[in-house]
Amino acid sequence: MSEHFQLIKKDAETGARRGRLKTLHGTIETPIFMPVGTQATVKGLTPRQIKEDVGAQIILGNTYHLNLRPGSELIRDAGGLHKFMGWDGPILTDSGGFQAFSLAKLSKLTEEGVAFQSHLDGSKVFLGPKEVMTIQANLGSDIAMVIDECPPYPCKKDDCVKAVERTTRWAKACKEIATDNGFLDTGHHVFAIAQGSEFEELRRRSAEELAELDFPGYAIGGVSVGEPEPEMLKQVRATAPFLPEDKPRYTMGLGTPPQMLKMIAAGVDMFDCVLPSRVARNGAFFTPDGMKNIRNSRFTTDLKPLVEGMDNYTCRNFTRAYLRHLTMAKEMLSCTLLTLHNLHFYLDLMEQVRSHIEAGDFASWSRAWIERYESGERDDG
């Protein structure tokens with residue numbers, strides 16, 4: 001068993017795991033969801049709200065965006081990302097490789113990394129193993145991600161083979177850099193990212209090759225890039241069993257509450273997604289009976305909370321009618337209150353997951369939870 005990750009209990013019927021991950025800025029109880037703070041802020045919320053009202057244990061930042069603006073050197077000189085943004089809990093930073101491919105203008109892939117033009121001002125930028133590890137060291141990330149090549153969906157198998165091979169080479173280089181510069185020795189973690197697209201044998205190959213490199217943690221990448229949900233879940237299930245059992249497993253960039261429960265059943269421990277905050281800015285909120293939209297006219301005179309009995313600031317203090325009024329009036333407070341609720345809903349769900357894994361009834365509980373949620377969404381039209 002690794003020193004930084006403790007596997008407390010495994011579900012008897014599924015692959016669900018209850019764990020505990022130690023980082024420089026605190027211990028994380030898993031399974032866990034990480035609110036996304038791409039630009040050194042979780043949109044619409046203060047760090048105090050994120051910790052006290054949402055209950056977040058760890059948040060996510062992004063190397064690509066923070067390096068372009070305001071720059072990792074400035075953040076380093078300000079005392080690191082934790083001090084810069086006023087958050088004293090753990091931070092995971094994505095390497096920025098995905099954004100370099102998806103957001104940048106005229107990106108060009110080479111064996112050394114990816115060269116691209118900034119989507120902000122067109123300036124030339126390069127990200128390779130040395131660059132992403134240097135930037136994340138400047139940020140002071142508790143968990144830094146390696147740079148990888150994320151193949152599109154669909155893709156040709158030959159192209160996917162090349163992406164898997166390059167991902168392994170880059171991961172090895174990232175770990176060597178993090179070892180040589182003392183990043184790992186000072187208690188920071190580096191997670192590798194398994195790729196393989198829809199090809200199960202490549203998923204297994206990627207996971208096994210990276211497992212041999214003995215990283216502190218592992219991620220399942222290349223999912224939620226355009227494939228249908230059944231294919232996405234198939235890819236996660238094809239990867240997780242071949243990642244080390246004594247290390248945390250993280251699926252990047254998703255998902256809905258039912259998707260997370262299904263992936264937890266496949267053995268995944270960590271998640272991040274912009275969905276809770278993004279949909280809040282459009283009036284949507286999560287309930288055990290599916291996602292609803294506060295703009296719906298039926299909420300005009302509804303004096304109930306968003307979710308009865310849910311213990312967060314929004315639900316304790318405000319009615320659906322008031323929140324609809326704010327949303328229709330385009331008041332900024334509506335985004336803050338809905339974002340707070342949605343993120344708390346996700347974190348509360350993870351707390352329930354942990355308790356049911358410990359109680360030994362995760363499988364039956366999660367099936368019933370998913371059925372209620374999906375039935376409610378169907379009934380809502």
# chains A, B, ... in the order shown; residues from 1 in each chain; ligands from 1
$ closest_atom_pairs --of "segment 13-56 of chain A" --to "segment 245-257 of chain A" --cutoff "12 Å" --atoms "only C-alpha atoms" --output "tab-separated table"
residue	atom	partner	partner_atom	distance
A:Gly15	CA	A:Glu245	CA	10.5
A:Ala16	CA	A:Arg249	CA	11.2
A:Arg17	CA	A:Glu245	CA	9.6
A:Arg18	CA	A:Pro248	CA	10.3
A:Gly19	CA	A:Pro248	CA	8.0
A:Arg20	CA	A:Pro248	CA	8.7
A:Leu21	CA	A:Pro248	CA	7.4
A:Lys22	CA	A:Pro248	CA	10.5
A:Ile28	CA	A:Pro248	CA	10.7
A:Glu29	CA	A:Pro248	CA	10.9
A:Thr30	CA	A:Pro248	CA	8.6
A:Pro31	CA	A:Pro248	CA	9.3
A:Ile32	CA	A:Tyr250	CA	9.4
A:Phe33	CA	A:Leu254	CA	9.7
A:Met34	CA	A:Gly253	CA	10.0
A:Pro35	CA	A:Gly253	CA	10.6
A:Val36	CA	A:Gly253	CA	9.3
A:Thr38	CA	A:Gly253	CA	11.8
$ select_by_dssp --residues "segment 109-279 of chain A" --states "helix (DSSP H, G or I)" --output "ChimeraX atom specification"
/A:129-139,157-180,200-212,229-242,257-265,275-279
$ write_last_selection --atoms "C-alpha atoms" --output "compact mmCIF listing (two decimals), in the first residue's frame"
# COMPACT_ATOMS: atom_id res chain seq x y z
CA PRO A 129 6.98 17.75 -20.36
CA LYS A 130 9.55 20.28 -19.09
CA GLU A 131 7.21 23.22 -19.54
CA VAL A 132 4.14 21.70 -17.87
CA MET A 133 6.12 20.44 -14.89
CA THR A 134 7.89 23.77 -14.47
CA ILE A 135 4.62 25.69 -14.64
CA GLN A 136 2.93 23.40 -12.11
CA ALA A 137 5.94 23.67 -9.80
CA ASN A 138 5.56 27.46 -10.03
CA LEU A 139 1.88 27.09 -9.14
CA LYS A 157 -6.30 2.74 -34.53
CA ASP A 158 -2.85 3.50 -35.96
CA ASP A 159 -3.17 7.11 -34.80
CA CYS A 160 -4.31 5.95 -31.38
CA VAL A 161 -1.32 3.63 -31.06
CA LYS A 162 0.98 6.59 -31.68
CA ALA A 163 -0.90 8.68 -29.12
CA VAL A 164 -0.61 5.94 -26.48
CA GLU A 165 3.10 5.51 -27.13
CA ARG A 166 3.76 9.26 -26.99
CA THR A 167 1.68 9.57 -23.83
CA THR A 168 3.85 6.95 -22.13
CA ARG A 169 7.07 8.65 -23.25
CA TRP A 170 5.86 12.03 -22.04
CA ALA A 171 4.70 10.58 -18.72
CA LYS A 172 8.13 9.07 -18.13
CA ALA A 173 9.78 12.40 -18.96
CA CYS A 174 7.42 14.27 -16.62
CA LYS A 175 8.22 11.96 -13.72
CA GLU A 176 11.95 12.26 -14.33
CA ILE A 177 11.67 16.06 -14.31
CA ALA A 178 9.54 16.06 -11.15
CA THR A 179 12.10 13.80 -9.50
CA ASP A 180 15.13 15.82 -10.58
CA GLU A 200 -9.83 -1.83 -25.23
CA GLU A 201 -6.46 -3.47 -25.87
CA LEU A 202 -4.85 -0.03 -26.12
CA ARG A 203 -6.60 1.09 -22.94
CA ARG A 204 -5.11 -1.90 -21.14
CA ARG A 205 -1.69 -1.36 -22.70
CA SER A 206 -1.63 2.30 -21.69
CA ALA A 207 -2.72 1.54 -18.12
CA GLU A 208 -0.18 -1.24 -17.69
CA GLU A 209 2.72 0.73 -19.17
CA LEU A 210 2.00 3.69 -16.92
CA ALA A 211 1.52 1.45 -13.88
CA GLU A 212 5.08 0.21 -14.34
CA GLU A 229 -22.28 7.75 -23.03
CA PRO A 230 -22.27 3.92 -23.31
CA GLU A 231 -18.93 4.09 -25.13
CA MET A 232 -17.55 6.48 -22.52
CA LEU A 233 -18.47 4.15 -19.68
CA LYS A 234 -17.07 1.21 -21.63
CA GLN A 235 -13.73 3.01 -21.94
CA VAL A 236 -13.61 3.71 -18.20
CA ARG A 237 -14.41 0.08 -17.40
CA ALA A 238 -11.74 -1.06 -19.84
CA THR A 239 -9.08 1.05 -18.10
CA ALA A 240 -9.71 1.12 -14.34
CA PRO A 241 -9.04 -2.58 -13.58
CA PHE A 242 -5.50 -2.30 -14.97
CA PRO A 257 -24.49 12.45 -11.13
CA PRO A 258 -25.55 9.06 -12.61
CA GLN A 259 -22.35 8.92 -14.68
CA MET A 260 -20.24 9.44 -11.57
CA LEU A 261 -22.07 6.71 -9.66
CA LYS A 262 -21.55 4.29 -12.56
CA MET A 263 -17.86 5.16 -12.73
CA ILE A 264 -17.45 4.79 -8.98
CA ALA A 265 -18.89 1.30 -9.42
CA LEU A 275 -21.30 21.07 -15.42
CA PRO A 276 -22.62 22.12 -11.96
CA SER A 277 -21.41 25.71 -12.27
CA ARG A 278 -21.98 26.05 -16.02
CA VAL A 279 -25.63 25.00 -15.97
$ closest_residue --among "A:Ser366, A:Ser355, A:Asn282, A:Asn342" --to "Leu45 of chain A" --atoms "only C-alpha atoms"
A:Asn342
$ closest_residue --among "A:Phe299, A:Phe215, A:Phe101, A:Trp369" --to "Thr319 of chain A" --atoms "only C-alpha atoms"
A:Phe299
$ closest_residue --among "A:Val274, A:Asn312, A:Leu243, A:Tyr218" --to "Lys51 of chain A" --atoms "only C-alpha atoms"
A:Asn312
$ atom_distance --atom1 "atom CA of Leu68 of chain A" --atom2 "atom CA of Ala219 of chain A"
24.3 Å
